[in-house]
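Data block below; observations after.
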There are 2 protein chains.
Amino acid sequence: MSNAGHDVIEVIHTKRDGGELSDSQIDWVIAAYTDGRVADEQMAALNMAILLRGMNRREIAHWTAAMIASGERMSFDALSRPTADKHSTGGVGDKITLPLAPLVAACGVAVPQLSGRGLGHTGGTLDKLEAIPGWRASISNEEMFAQLESVGAVICAAGAGLAPADKKLYALRDVTGTVESIPLIASSIMSKKIAEGTGALVLDVKVGSGAFMKNLDDARELARTMVDLGLDAGVHTVALLTDMATPLGLTAGNALEVAESVEVLAGGGPADVVELTVALAREMLLGAGVRDLDPADVLASGRAMDAWNAMIAAQGGDPSAALPVAREQHVVTAPSSGVLTRLDALSVGLAAWRLGAGRERKEDPVQLGAGVVWHARPGDPVRAGEPLFTLHTDTPERFDRALAALEGGWDVAPEGTSYEPSPLILDRIS
Amino acid sequence: MSNAGHDVIEVIHTKRDGGELSDSQIDWVIAAYTDGRVADEQMAALNMAILLRGMNRREIAHWTAAMIASGERMSFDALSRPTADKHSTGGVGDKITLPLAPLVAACGVAVPQLSGRGLGHTGGTLDKLEAIPGWRASISNEEMFAQLESVGAVICAAGAGLAPADKKLYALRDVTGTVESIPLIASSIMSKKIAEGTGALVLDVKVGSGAFMKNLDDARELARTMVDLGLDAGVHTVALLTDMATPLGLTAGNALEVAESVEVLAGGGPADVVELTVALAREMLLGAGVRDLDPADVLASGRAMDAWNAMIAAQGGDPSAALPVAREQHVVTAPSSGVLTRLDALSVGLAAWRLGAGRERKEDPVQLGAGVVWHARPGDPVRAGEPLFTLHTDTPERFDRALAALEGGWDVAPEGTSYEPSPLILDRIS
């Protein structure tokens, strides 16, 4: 269990006792974990020591570099257009990638989005797109390049060759209570994005009950860490901190969110989804050096919808096919008339998850039609007896636990109560 | 991975975030780890969190109780004599158990010593006794009882049924850099000793370079923690803190230490080995309620040697057989005449280990004849050109690394330099 002068106990002890890991220790331990010389239990102990002791900027940068070096590194230099990608740290109702990728592509910037699946109460982009009949997430690198050249946008599963150390490490952290570490989160996200080879990157760092980061300070530290990692690696990187105390739009659930995204591409949809999509598109265009186009105009022109149709069709999907609908619905009505003053993202996310929209274990299937529709957003009027939520599932025995998750997750104040809207975009870090 | 209202992530998060584990969380996680529902990597993360966050007295007591409950619990109530046991936290040249057990037996107190094998630079009692031709470490519980009744002393391997959670946990900590935690060390030692069912227990907590605890404060905390655990479980427990800056006696190595122990039983042997053996015997007799015998008299009477011969023979050993001798020797001579003022226990322990007296991995064999003999103890005169150390091994290619370990591990001062001997027994905690 030792080579290059290192052994795993020495590396664990260094961090456990509050020291800094050397570049050489980091290179060794990531390589040795990837090829199995360092066992899961040893890496789990090291992860916990990192979570509790932290890593400095050099350690995080080198940890990220070592994870990139564990696999292949892609390059889009041969493309005829610049590239830009977006990463969200995950939220409830966060379907932004779906309208965003075709919108940016319609502006002439290629979007190579390597996405993941959902785990826990935040949904996964691939799960959402798989609600579209025929669409497939797995394509070859050659297909990806061809599609980026022809359509300008690809949303697909990351191949096994990209940062394999991160894949192994992420699965380990997930089962060992070591997810919530800013150095480990930042290096995990950025190793994949840097290895992917995008020229520009916009990070959507969510803050609030429905997000990983519950408060602004933590979110800012995560954003700063990731932006530094991107810039150090030569990727034009900015981060927006955005609200996730309230879920995005009016839907959480795979097919439900696809339908809402298509509304946005058609020029409608909830105002917050449109606002965030356009704001992120602006950042991606800036990062890619495109300064003469307003994505709001492009969205209004219908060209983003054309790009969507082409993007879905290129991966075997039928953009005009009917989307799956859950077999059962349950409506929650407003108990009194007034104003919705609070809608908690975590409650909605848990409800959607419990209805079958998400998975408990990696190997679980998701219900494509399951989820939650809310009929008002904070600030909207509600009327006694009218629908406030519609719950969708194929398995009605799930309604009870979903309703329990929603309980206490929203407030209706008497009519005439004034409501001060809170901003969607909280900060920008570059 | 959940039952009784717990899951492993929740338990890990509790400790990771600085909280106290509830009795029910501890019961659950120890039982679930023992039967495989909690995986090694999950327990490794929890161990690291415990090491860095600590456990309070209630948590340590319950952790220990849960490990005891994972297996069988022995009882010696049916024996015609009281029982007392000794545990050493491990040192270099620490062969004390060998003369101590028969000495205490000769005083009428039964000694049920369930011992371990060596790992790293501190030797294991079973490895030492296996240098005696024919002796076997594994005996049944029935044989053990019969031998305690007839001879009064048993030194044998702990059966697999005793605190199996601790066995699994210890092996895990050993490979995950989580050994050095006072709560985990204390609960590991005491779970075995309490489950073993001894009526009285004397702890020899070593302090110094050759010991696990390098300073008096840590050793005192470990001793206090273990004494509390013992008393809480109804075992009459005291601890002596003893010096391990200097190795014990004049030998480190399996057969070499057996020979030295036999010298002590014959009324000779190094003064420090005799002192510590008698001091520990006194504590064991006190703990067992025997107040009318001085173990120094019993040692001088030859009755301890009789008990030794009977104890070895009862486990198949031939106490009069010649002990194994290493094939090769290498002598280190004193470079100048003067006084030996320092002999570092860690250096000697590493040298003996590298000569083959210890093992690197649990499955490695040990060389029964390998080890180090030092011909002077601090305070003794040495003469230029005369032997200071004799190194023994079957594999002479090991001499170089053993000599490197000894380098800088001793000092000779000019003749006439005064030497202030330091006490062997540093403190007593009861």
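Chains: A, B, ... in order of the structure tokens. Residues: from 1 per chain. Ligands: from 1, in order shown.
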Interface list for chain B, partner chain A, 10 Å threshold, only C-alpha atoms, as an mmCIF file with C-alpha atoms, in the first residue's frame:
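Once everything was written out, this is part_3.cif:
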```cif
data_model
loop_
_atom_site.group_PDB
_atom_site.id
_atom_site.type_symbol
_atom_site.label_atom_id
_atom_site.label_comp_id
_atom_site.auth_asym_id
_atom_site.auth_seq_id
_atom_site.Cartn_x
_atom_site.Cartn_y
_atom_site.Cartn_z
ATOM 1 C CA VAL B 8 -25.822 5.217 9.667
ATOM 2 C CA ILE B 9 -25.678 8.617 7.959
ATOM 3 C CA GLU B 10 -27.648 10.147 10.822
ATOM 4 C CA VAL B 11 -25.255 8.608 13.370
ATOM 5 C CA ILE B 12 -22.185 9.809 11.437
ATOM 6 C CA HIS B 13 -23.652 13.308 11.053
ATOM 7 C CA THR B 14 -24.406 13.538 14.780
ATOM 8 C CA ARG B 16 -19.335 14.790 12.740
ATOM 9 C CA ASP B 17 -21.259 17.908 13.695
ATOM 10 C CA VAL B 38 -22.977 -0.891 8.413
ATOM 11 C CA ALA B 39 -20.048 -1.116 5.995
ATOM 12 C CA ASP B 40 -16.367 -0.675 6.814
ATOM 13 C CA GLU B 41 -16.210 2.673 5.002
ATOM 14 C CA GLN B 42 -19.119 3.984 7.060
ATOM 15 C CA MET B 43 -17.568 2.890 10.343
ATOM 16 C CA ALA B 44 -14.232 4.364 9.234
ATOM 17 C CA ALA B 45 -15.851 7.758 8.713
ATOM 18 C CA LEU B 46 -17.546 7.503 12.124
ATOM 19 C CA ASN B 47 -14.254 6.500 13.794
ATOM 20 C CA MET B 48 -12.494 9.522 12.332
ATOM 21 C CA ALA B 49 -15.322 11.776 13.517
ATOM 22 C CA LEU B 51 -11.271 10.679 16.979
ATOM 23 C CA LEU B 52 -11.565 14.360 16.070
ATOM 24 C CA ARG B 53 -14.724 15.239 18.043
ATOM 25 C CA LEU B 172 -10.469 -1.383 10.810
ATOM 26 C CA ARG B 173 -8.855 1.353 12.923
ATOM 27 C CA ASP B 174 -5.472 -0.205 12.295
ATOM 28 C CA VAL B 175 -5.718 0.368 8.518
ATOM 29 C CA THR B 176 -7.582 3.682 8.558
ATOM 30 C CA GLY B 177 -5.343 5.892 10.697
ATOM 31 C CA THR B 178 -7.852 6.018 13.558
ATOM 32 C CA GLU B 180 -4.906 7.214 18.344
#
```
*Fewer than 2 positions away in the same chain doesn't count, so skip those; otherwise give me all residues within 12 Å of Thr122 in chain A, counting only C-alpha atoms, as number ranges by chain.*
A: 88-95, 116-120, 124-125, 127-128, 206, 209-212, 244, 247-248, 252-254, 345-354, 357-360, 371
Using DSSP secondary structure from the backbone, list all helix (DSSP H, G or I) positions within range 66-156 of chain A, as a short mmCIF file (atom, residue, chain, number, x, y, z; two decimals) with C-alpha atoms, in the first residue's frame.
```
data_model
loop_
_atom_site.label_atom_id
_atom_site.label_comp_id
_atom_site.auth_asym_id
_atom_site.auth_seq_id
_atom_site.Cartn_x
_atom_site.Cartn_y
_atom_site.Cartn_z
CA ALA A 66 -5.41 14.97 -9.42
CA MET A 67 -9.04 14.00 -10.02
CA ILE A 68 -8.88 15.48 -13.54
CA ALA A 69 -5.63 13.57 -14.15
CA THR A 97 -30.70 23.79 -17.98
CA LEU A 98 -33.54 22.71 -20.26
CA PRO A 99 -34.43 26.13 -21.72
CA LEU A 100 -30.92 27.56 -21.12
CA ALA A 101 -28.85 25.19 -23.26
CA PRO A 102 -30.87 25.71 -26.48
CA LEU A 103 -31.15 29.46 -25.79
CA VAL A 104 -27.37 29.86 -25.56
CA ALA A 105 -26.90 27.60 -28.59
CA ALA A 106 -29.32 29.83 -30.52
CA THR A 125 -31.47 16.95 -15.53
CA LEU A 126 -31.10 13.58 -17.26
CA ASP A 127 -34.12 12.18 -15.39
CA LYS A 128 -36.17 15.13 -16.60
CA LEU A 129 -35.16 14.77 -20.27
CA ASN A 141 -17.87 11.63 -27.85
CA GLU A 142 -18.09 11.70 -31.66
CA GLU A 143 -21.87 12.16 -31.59
CA MET A 144 -21.42 14.87 -29.01
CA PHE A 145 -18.98 16.82 -31.18
CA ALA A 146 -21.15 16.44 -34.25
CA GLN A 147 -24.23 17.63 -32.36
CA LEU A 148 -22.37 20.61 -30.89
CA GLU A 149 -21.32 21.61 -34.41
CA SER A 150 -24.76 21.11 -35.96
#
```
_Which residues are close to Arg81 in chain B, i.e. within 7 Å by only C-alpha atoms, leaving aside same-chain residues fewer than 2 positions away? Reply as an NGL selection string._
:B and (79 or 83 or 108-110)
_Among the residues B:Leu368, B:Leu406, B:Met226, B:Met74, the one that comes closest to His87 in chain B [using only C-alpha atoms]_ = B:Met226
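Among B:Tyr419, B:Arg58, B:Leu340, B:Asp218, the residue with the shortest atom-to-atom distance to Leu241 in chain B, counting only C-alpha atoms, is B:Asp218.
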